[in-house]
file data25.txt (compact mmCIF, C-alpha atoms)
# COMPACT_ATOMS: atom_id res chain seq x y z
CA MET T 1 112.63 61.40 130.91
CA ALA T 2 113.00 59.71 134.28
CA GLN T 3 116.65 58.89 133.53
CA ASP T 4 117.35 62.51 132.52
CA GLU T 5 115.76 63.81 135.74
CA HIS T 6 117.79 61.31 137.80
CA ARG T 7 120.97 62.38 136.01
CA ALA T 8 120.22 66.07 136.69
CA VAL T 9 119.64 65.34 140.39
CA GLU T 10 122.99 63.48 140.60
CA LEU T 11 124.85 66.37 138.95
CA LYS T 12 123.21 68.85 141.30
CA MET T 13 124.12 66.79 144.37
CA THR T 14 127.71 66.45 143.11
CA SER T 15 128.02 70.21 142.66
CA VAL T 16 126.56 70.81 146.13
CA ASP T 17 129.06 68.38 147.66
CA ALA T 18 131.91 70.10 145.79
CA ASP T 19 130.75 73.49 147.05
CA ASP T 20 130.57 72.16 150.60
CA SER T 21 134.10 70.71 150.38
CA LEU T 22 135.43 74.02 149.02
CA SER T 23 133.68 75.99 151.73
CA ASN T 24 135.44 73.88 154.37
CA MET T 25 138.88 74.66 152.92
CA SER T 26 141.02 77.43 154.35
CA ARG T 27 141.91 80.41 152.19
CA GLY T 28 145.49 79.18 151.85
CA LYS T 29 144.36 75.77 150.57
CA LEU T 30 141.97 77.41 148.11
CA ILE T 31 144.75 79.64 146.77
CA ARG T 32 147.10 76.68 146.43
CA ARG T 33 144.43 74.58 144.75
CA ARG T 34 143.58 77.27 142.22
CA PHE T 35 147.25 77.98 141.50
CA LEU T 36 147.97 74.31 140.82
CA ARG T 37 145.07 74.19 138.37
CA HIS T 38 146.77 76.93 136.30
CA ARG T 39 148.80 74.95 133.74
CA LEU T 40 151.10 77.76 132.64
CA ALA T 41 151.78 78.68 136.27
CA ARG T 42 152.77 75.08 137.02
CA LEU T 43 155.03 75.06 133.98
CA GLY T 44 156.61 78.36 134.99
CA LEU T 45 157.21 77.22 138.55
CA SER T 46 158.77 73.93 137.41
CA VAL T 47 161.13 75.64 134.96
CA LEU T 48 162.15 78.26 137.54
CA ILE T 49 162.93 75.56 140.09
CA ILE T 50 165.17 73.87 137.51
CA LEU T 51 166.90 77.16 136.66
CA TYR T 52 167.59 78.03 140.29
CA LEU T 53 168.86 74.52 141.05
CA MET T 54 171.12 74.88 138.01
CA ALA T 55 172.43 78.18 139.37
CA ILE T 56 173.07 76.73 142.83
CA CYS T 57 174.92 73.71 141.39
CA ALA T 58 176.57 75.69 138.58
CA ASP T 59 180.17 74.68 139.33
CA PHE T 60 179.17 71.02 139.39
CA ILE T 61 177.13 71.18 136.18
CA ALA T 62 179.67 73.22 134.18
CA PRO T 63 182.53 71.13 132.76
CA TYR T 64 184.91 74.11 132.92
CA GLN T 65 185.34 77.20 135.08
CA ALA T 66 184.12 80.55 133.75
CA GLY T 67 187.62 81.78 132.93
CA THR T 68 189.06 78.57 131.48
CA ARG T 69 190.35 79.01 127.93
CA LEU T 70 190.49 76.19 125.42
CA LYS T 71 193.64 77.17 123.53
CA GLY T 72 193.33 77.04 119.77
CA PHE T 73 189.53 76.79 119.78
CA LYS T 74 188.22 80.37 119.74
CA ASP T 75 184.80 81.07 118.16
CA MET T 76 184.19 77.34 117.77
CA GLY T 77 180.63 76.14 117.26
CA PRO T 78 178.74 73.77 119.58
CA SER T 79 179.99 70.20 119.83
CA PRO T 80 177.71 67.74 117.99
CA ILE T 81 176.71 64.84 120.26
CA HIS T 82 176.79 61.41 118.63
CA PHE T 83 175.28 58.08 119.65
CA GLY T 84 175.73 54.55 118.43
CA GLY T 85 178.73 53.00 116.76
CA ASP T 86 181.13 51.03 118.92
CA SER T 87 179.99 52.90 122.03
CA GLY T 88 176.45 51.54 121.97
CA PHE T 89 174.14 54.04 123.63
CA GLN T 90 176.88 56.05 125.35
CA PRO T 91 177.17 59.57 123.88
CA PHE T 92 180.46 60.76 122.44
CA VAL T 93 182.03 63.64 120.54
CA TYR T 94 184.69 63.65 117.86
CA ALA T 95 187.93 65.57 118.23
CA ARG T 96 187.88 68.73 116.14
CA GLU T 97 190.65 70.20 114.07
CA ARG T 98 191.11 73.82 113.13
CA GLY T 99 191.44 74.89 109.50
CA PHE T 100 190.66 77.79 107.19
CA HIS T 101 187.93 78.31 104.62
CA PRO T 102 189.47 78.27 101.14
CA LYS T 103 187.58 81.39 100.00
CA THR T 104 186.94 83.53 103.07
CA PHE T 105 190.03 82.37 105.03
CA ARG T 106 187.89 82.27 108.16
CA GLU T 107 188.72 79.70 110.79
CA ILE T 108 186.62 76.55 110.54
CA TYR T 109 186.55 73.43 112.69
CA THR T 110 186.01 69.95 111.30
CA GLU T 111 185.38 66.68 113.12
CA ASN T 112 188.05 64.01 113.04
CA GLU T 113 185.97 60.83 112.94
CA ASP T 114 189.03 58.77 113.74
CA GLU T 115 189.16 60.24 117.27
CA PRO T 116 185.90 59.64 119.18
CA HIS T 117 185.86 60.66 122.83
CA MET T 118 183.29 59.23 125.21
CA ILE T 119 181.21 61.56 127.39
CA HIS T 120 181.44 60.32 130.97
CA PHE T 121 179.22 61.39 133.85
CA PHE T 122 180.35 62.30 137.39
CA VAL T 123 183.95 62.87 136.42
CA ARG T 124 186.82 64.72 138.04
CA GLY T 125 187.95 68.02 136.56
CA GLU T 126 188.86 71.53 137.58
CA SER T 127 188.51 72.20 141.29
CA TYR T 128 186.07 74.74 142.69
CA LYS T 129 184.91 75.93 146.08
CA VAL T 130 181.48 75.11 147.44
CA LEU T 131 180.04 78.16 149.23
CA GLY T 132 183.63 79.36 149.58
CA LEU T 133 184.27 76.77 152.29
CA PHE T 134 185.73 73.59 150.81
CA GLU T 135 187.02 72.42 147.45
CA LEU T 136 185.58 69.79 145.13
CA ASP T 137 186.57 68.66 141.66
CA TRP T 138 183.53 66.59 140.65
CA HIS T 139 181.58 67.60 137.54
CA LEU T 140 178.36 66.31 136.05
CA PHE T 141 179.92 65.32 132.72
CA GLY T 142 183.15 65.63 130.79
CA VAL T 143 185.54 64.05 128.32
CA SER T 144 189.18 63.02 128.45
CA GLU T 145 191.83 65.67 129.05
CA ASP T 146 193.09 65.64 125.45
CA ALA T 147 189.62 66.55 124.11
CA ASN T 148 186.95 69.14 124.86
CA ILE T 149 183.19 69.41 124.84
CA THR T 150 181.47 72.74 124.17
CA LEU T 151 177.69 72.36 124.13
CA PHE T 152 177.13 76.06 123.32
CA GLY T 153 180.40 76.70 121.48
CA THR T 154 183.20 79.03 122.57
CA ASP T 155 183.69 82.80 122.64
CA ILE T 156 186.34 84.97 121.05
CA VAL T 157 189.05 83.88 123.50
CA GLY T 158 188.11 80.19 123.60
CA ARG T 159 186.00 80.04 126.77
CA ASP T 160 183.14 77.53 126.95
CA ILE T 161 179.86 79.42 126.61
CA PHE T 162 177.82 76.64 128.24
CA SER T 163 179.93 76.75 131.39
CA ARG T 164 179.84 80.55 131.48
CA THR T 165 176.06 80.60 130.93
CA VAL T 166 175.42 78.17 133.79
CA ILE T 167 177.77 80.03 136.16
CA ALA T 168 176.37 83.41 135.09
CA ALA T 169 172.89 82.26 136.16
CA ARG T 170 173.92 82.72 139.80
CA VAL T 171 174.31 86.47 139.33
CA SER T 172 171.45 87.05 136.90
CA LEU T 173 168.87 85.03 138.86
CA PHE T 174 169.79 85.97 142.41
CA ILE T 175 170.39 89.66 141.73
CA GLY T 176 166.68 89.84 140.93
CA LEU T 177 165.80 88.35 144.31
CA GLY T 178 168.12 90.70 146.18
CA GLY T 179 166.92 93.82 144.39
CA VAL T 180 163.25 92.93 144.76
CA ALA T 181 163.70 92.12 148.46
CA ILE T 182 165.10 95.60 149.13
CA SER T 183 162.50 97.40 147.00
CA PHE T 184 159.72 95.29 148.55
CA VAL T 185 160.69 96.32 152.09
CA LEU T 186 161.05 99.98 151.07
CA GLY T 187 157.76 99.98 149.16
CA CYS T 188 155.77 98.39 151.99
CA LEU T 189 157.36 100.55 154.70
CA ILE T 190 157.25 103.92 152.94
CA GLY T 191 153.87 103.28 151.31
CA GLY T 192 152.48 102.06 154.63
CA ILE T 193 153.65 105.17 156.46
CA SER T 194 152.21 107.40 153.73
CA GLY T 195 148.79 105.75 153.69
CA TYR T 196 148.48 105.20 157.44
CA PHE T 197 149.41 108.64 158.72
CA GLY T 198 148.27 110.79 155.78
CA GLY T 199 148.47 114.57 156.07
CA ILE T 200 151.78 116.34 155.53
CA ILE T 201 153.73 113.07 155.74
CA ASP T 202 151.66 111.57 152.94
CA GLU T 203 152.04 114.70 150.83
CA LEU T 204 155.82 114.81 151.27
CA ILE T 205 156.30 111.12 150.44
CA GLN T 206 154.08 111.34 147.37
CA ARG T 207 156.03 114.31 145.99
CA VAL T 208 159.28 112.37 146.43
CA ILE T 209 157.73 109.42 144.57
CA ASP T 210 156.57 111.76 141.79
CA LEU T 211 160.13 113.06 141.46
CA LEU T 212 161.61 109.56 141.23
CA ILE T 213 159.00 108.41 138.72
CA ALA T 214 159.65 111.48 136.56
CA ILE T 215 163.34 110.56 136.19
CA PRO T 216 163.96 108.19 133.23
CA THR T 217 164.89 104.84 134.74
CA LEU T 218 167.66 103.73 132.39
CA PRO T 219 169.66 107.00 132.47
CA LEU T 220 169.36 107.04 136.27
CA TRP T 221 170.68 103.48 136.48
CA MET T 222 173.52 104.43 134.15
CA VAL T 223 174.54 107.40 136.31
CA LEU T 224 174.42 105.41 139.53
CA SER T 225 176.22 102.41 138.01
CA ALA T 226 178.95 104.64 136.59
CA ALA T 227 179.70 105.74 140.15
CA ILE T 228 180.69 102.18 141.12
CA PRO T 229 184.53 101.99 141.22
CA ARG T 230 185.92 99.53 138.68
CA THR T 231 188.49 98.40 141.24
CA TRP T 232 185.79 96.78 143.40
CA SER T 233 185.60 93.01 143.68
CA VAL T 234 182.96 91.00 141.87
CA GLU T 235 181.03 90.59 145.13
CA GLY T 236 181.17 94.33 145.82
CA THR T 237 179.95 95.14 142.32
CA TYR T 238 177.16 92.58 142.68
CA PHE T 239 175.95 94.19 145.92
CA ALA T 240 176.21 97.72 144.49
CA ILE T 241 174.15 96.83 141.40
CA THR T 242 171.52 95.25 143.64
CA VAL T 243 171.24 98.48 145.59
CA VAL T 244 171.15 100.54 142.38
CA LEU T 245 168.32 98.45 140.93
CA SER T 246 166.28 98.73 144.11
CA ILE T 247 166.64 102.51 144.54
CA VAL T 248 163.78 103.32 142.17
CA GLY T 249 162.06 99.94 142.16
CA TRP T 250 159.94 100.60 145.22
CA THR T 251 157.88 103.57 143.99
CA GLY T 252 155.12 101.63 142.21
CA LEU T 253 154.59 99.26 145.12
CA ALA T 254 154.55 102.17 147.57
CA ARG T 255 151.71 103.79 145.63
CA VAL T 256 149.68 100.57 145.72
CA VAL T 257 150.29 100.04 149.45
CA ARG T 258 149.31 103.66 150.17
CA GLY T 259 146.01 103.30 148.29
CA LYS T 260 145.13 100.07 150.09
CA LEU T 261 145.92 101.49 153.53
CA LEU T 262 143.85 104.61 152.88
CA SER T 263 140.81 102.38 152.37
CA LEU T 264 141.53 100.13 155.38
CA ARG T 265 142.88 102.40 158.11
CA ASP T 266 139.45 103.55 159.38
CA LEU T 267 137.82 100.11 159.56
CA ASP T 268 136.62 98.71 162.88
CA PHE T 269 139.33 96.08 163.38
CA VAL T 270 142.06 98.71 162.85
CA ILE T 271 140.47 101.09 165.36
CA ALA T 272 140.06 98.22 167.82
CA SER T 273 143.76 97.38 167.51
CA ARG T 274 144.71 100.98 168.22
CA LEU T 275 142.45 101.16 171.27
CA SER T 276 143.99 97.92 172.53
CA GLY T 277 147.36 99.65 172.70
CA GLY T 278 148.88 98.42 169.45
CA SER T 279 151.66 100.62 168.08
CA ASP T 280 151.44 102.14 164.63
CA LEU T 281 154.08 99.75 163.27
CA TYR T 282 152.24 96.80 164.81
CA VAL T 283 148.93 97.84 163.22
CA ILE T 284 150.51 98.28 159.80
CA THR T 285 152.50 95.03 159.77
CA ARG T 286 150.06 92.71 161.62
CA HIS T 287 146.66 93.96 160.48
CA LEU T 288 146.81 96.15 157.38
CA LEU T 289 149.49 94.61 155.16
CA PRO T 290 148.27 90.98 155.62
CA ASN T 291 144.84 92.03 154.30
CA PHE T 292 146.24 92.35 150.79
CA ALA T 293 149.21 90.00 151.12
CA SER T 294 148.14 88.11 148.00
CA HIS T 295 148.44 91.28 145.93
CA LEU T 296 151.87 91.96 147.43
CA ILE T 297 153.03 88.45 146.51
CA VAL T 298 151.90 88.95 142.91
CA SER T 299 153.67 92.31 142.73
CA LEU T 300 156.79 90.74 144.16
CA THR T 301 156.76 87.94 141.57
CA LEU T 302 156.25 90.29 138.63
CA ALA T 303 158.98 92.67 139.82
CA ILE T 304 161.77 90.08 139.68
CA PRO T 305 161.88 89.93 135.83
CA GLY T 306 162.24 93.70 135.75
CA MET T 307 165.27 93.47 138.01
CA ILE T 308 166.81 90.73 135.88
CA LEU T 309 166.30 92.77 132.72
CA GLY T 310 167.72 95.84 134.43
CA GLU T 311 170.93 94.03 135.38
CA THR T 312 171.16 92.56 131.87
CA ALA T 313 170.80 95.98 130.26
CA LEU T 314 173.43 97.58 132.52
CA SER T 315 175.91 94.75 132.01
CA PHE T 316 175.26 94.67 128.26
CA ILE T 317 176.25 98.33 127.84
CA GLY T 318 179.25 97.89 130.14
CA LEU T 319 177.94 99.63 133.27
CA GLY T 320 176.99 96.56 135.30
CA MET T 321 178.99 93.42 136.01
CA GLN T 322 182.53 93.46 134.66
CA GLU T 323 185.05 90.74 133.85
CA PRO T 324 186.07 88.48 135.52
CA GLY T 325 182.52 88.47 136.87
CA VAL T 326 179.95 86.88 134.57
CA SER T 327 176.24 87.42 134.11
CA TRP T 328 173.94 86.85 131.17
CA GLY T 329 174.27 90.53 130.28
CA VAL T 330 178.07 90.25 130.24
CA LEU T 331 177.87 87.23 127.93
CA LEU T 332 175.63 89.14 125.51
CA GLN T 333 178.29 91.82 125.04
CA ASP T 334 179.84 89.58 122.37
CA THR T 335 176.68 90.01 120.27
CA MET T 336 177.19 93.77 119.80
CA ASN T 337 179.15 92.99 116.65
CA PHE T 338 176.76 92.23 113.79
CA GLY T 339 179.40 90.08 112.12
CA ALA T 340 179.55 87.89 115.22
CA LEU T 341 175.80 87.28 115.02
CA VAL T 342 176.08 86.21 111.39
CA HIS T 343 179.01 83.83 111.81
CA GLN T 344 178.60 82.80 115.48
CA PRO T 345 174.84 82.77 116.22
CA TRP T 346 175.40 80.45 119.21
CA LYS T 347 176.56 83.50 121.18
CA LEU T 348 172.88 84.49 121.48
CA ILE T 349 172.08 81.41 123.60
CA PRO T 350 172.42 83.32 126.94
CA GLY T 351 169.68 85.61 125.63
CA VAL T 352 167.39 82.59 125.31
CA PHE T 353 167.85 81.92 129.03
CA ILE T 354 166.84 85.53 129.79
CA VAL T 355 163.70 85.28 127.66
CA VAL T 356 162.70 81.93 129.18
CA THR T 357 163.28 83.17 132.75
CA VAL T 358 161.24 86.35 132.28
CA LEU T 359 158.46 84.40 130.55
CA MET T 360 158.29 81.80 133.33
CA PHE T 361 158.11 84.50 136.01
CA ASN T 362 155.22 86.09 134.12
CA PHE T 363 153.44 82.73 133.96
CA VAL T 364 153.84 82.30 137.73
CA GLY T 365 152.66 85.87 138.29
CA ASP T 366 149.55 85.27 136.20
CA GLY T 367 148.80 82.13 138.18
CA LEU T 368 149.22 83.94 141.49
CA ARG T 369 147.04 86.79 140.28
CA ASP T 370 144.23 84.37 139.44
CA ALA T 371 144.68 82.42 142.66
CA ALA T 372 144.82 85.52 144.85
CA ASP T 373 141.01 85.68 144.83
CA PRO T 374 139.98 82.03 145.21
CA TYR T 375 136.28 82.83 145.57
CA SER T 376 135.95 84.47 142.14
CA LEU T 377 134.86 82.49 139.07

call {"tool": "encode", "arguments": {"input": "data25.txt", "output": "structure tokens"}}
result
Amino acid sequence: MAQDEHRAVELKMTSVDADDSLSNMSRGKLIRRRFLRHRLARLGLSVLIILYLMAICADFIAPYQAGTRLKGFKDMGPSPIHFGGDSGFQPFVYARERGFHPKTFREIYTENEDEPHMIHFFVRGESYKVLGLFELDWHLFGVSEDANITLFGTDIVGRDIFSRTVIAARVSLFIGLGGVAISFVLGCLIGGISGYFGGIIDELIQRVIDLLIAIPTLPLWMVLSAAIPRTWSVEGTYFAITVVLSIVGWTGLARVVRGKLLSLRDLDFVIASRLSGGSDLYVITRHLLPNFASHLIVSLTLAIPGMILGETALSFIGLGMQEPGVSWGVLLQDTMNFGALVHQPWKLIPGVFIVVTVLMFNFVGDGLRDAADPYSL
């Protein structure tokens, strides 16, 4: 009995010490601590960091440029990677030869085991521009010039799907950030004005929001995207789609910001700031919005997957990015043909990247939602 009582006292003292240490932490440290304890959020953040680093270094990682065609190798499956043999532990691929199936007469590719080609790392290949400033020709991996390596297979015109998927990540990942940034600013500004001033201004803004919410999102995106001239450059189309996606993306956030400001605008610290000579914009941005910044961060995180899916949907139906520009939605256009899915299932691999990206953003959003209130159980 004495040992049990002593054990209980030790546990109680340990819990008291833990509570004291937590009470001495700042709110930011508590949020960070709780977020890092969320396993799925850590996983999501790690995967997203890898994906964005891949997008930034896409030209270096991809063995070919997005438009490079491997002549004579259209609709070819992924290259099997081999180990062992005379090469030891160095990976290699066999040269592949094109033939025809004796019954279906479809093109098939077989490995020529008499022609192994080593996979080398940090090799020279096709040149590319870094940030549009200077040229490099270094690539992460590659094979000799008289062979090819296609980790995800090739498309109908012989372009390497792995290279196109990696390069397409730059558009698909960063268009979400650009669209959300614009909608975030619009939502905070318009929602803040509506909730802070109230009256006729609030009524007018809310009716505009009701009108935008009542319009079906996808048809509206289609109409606005169809207005983009097809003669525009890839960069111009990218910017236009970002604006299109953000036009109606701010309404939900504006409603949330309005509701929060209606409950905060008459509190003592807000009135004190007004009496001290603070302008309306200063009060909104320095006192009201920071009071629910954690909620805004969560909303921002969860809005990015919606933007990515929006761009994918527009590009998939031919109203978003166009060739020679590439995005994950553009790459999925090849899967519209059911026959292609049956005989070339590797063309669905860009869709896997979309699913993983959206899932990881949701994991991070869930972690931020739980960490936003560090004092709850």

call {"tool": "atom_distance", "arguments": {"input": "data25.txt", "atom1": "CA of Asp370 in chain T", "atom2": "CA of Ala41 in chain T"}}
result
10.0 Å

call {"tool": "closest_residue", "arguments": {"input": "data25.txt", "among": "T:Arg69, T:His120, T:Arg230, T:Lys129", "to": "Phe141 in chain T", "atoms": "all atoms listed in the file"}}
result
T:His120

call {"tool": "atom_distance", "arguments": {"input": "data25.txt", "atom1": "CA of Val143 in chain T", "atom2": "CA of Trp346 in chain T"}}
result
21.3 Å

call {"tool": "closest_residue", "arguments": {"input": "data25.txt", "among": "T:Thr251, T:Leu264, T:Leu281, T:Val358", "to": "Ile304 in chain T", "atoms": "all atoms listed in the file"}}
result
T:Val358

call {"tool": "residues_around", "arguments": {"input": "data25.txt", "residues": "Thr165 in chain T", "least_positions_apart": "6", "cutoff": "10 Å", "atoms": "only C-alpha atoms", "output": "MDAnalysis selection string"}}
result
chainID T and resid 55 58 62 66 152 172 326:328 330:331 349:351 353

call {"tool": "closest_residue", "arguments": {"input": "data25.txt", "among": "T:Ile61, T:Val244, T:Ala371, T:Ile193", "to": "Ile31 in chain T", "atoms": "all atoms listed in the file"}}
result
T:Ala371

call {"tool": "atom_distance", "arguments": {"input": "data25.txt", "atom1": "CA of Ala95 in chain T", "atom2": "CA of Pro345 in chain T"}}
result
21.7 Å

call {"tool": "closest_residue", "arguments": {"input": "data25.txt", "among": "T:Gln90, T:Thr154, T:Thr285, T:Ser144", "to": "Val123 in chain T", "atoms": "all atoms listed in the file"}}
result
T:Ser144

call {"tool": "closest_residue", "arguments": {"input": "data25.txt", "among": "T:Leu224, T:Leu289, T:Val298, T:Leu267", "to": "Asp366 in chain T", "atoms": "all atoms listed in the file"}}
result
T:Val298

call {"tool": "axis_aligned_box", "arguments": {"input": "data25.txt", "around": "range 133-143 of chain T", "padding_each_side": "3 Å", "output": "lines of an AutoDock Vina configuration file"}}
result
center_x = 182.7
center_y = 70.4
center_z = 140.3
size_x = 14.7
size_y = 18.7
size_z = 30.0

call {"tool": "closest_residue", "arguments": {"input": "data25.txt", "among": "T:Leu140, T:Ile56, T:Leu218, T:Met76", "to": "Ile156 in chain T", "atoms": "all atoms listed in the file"}}
result
T:Met76
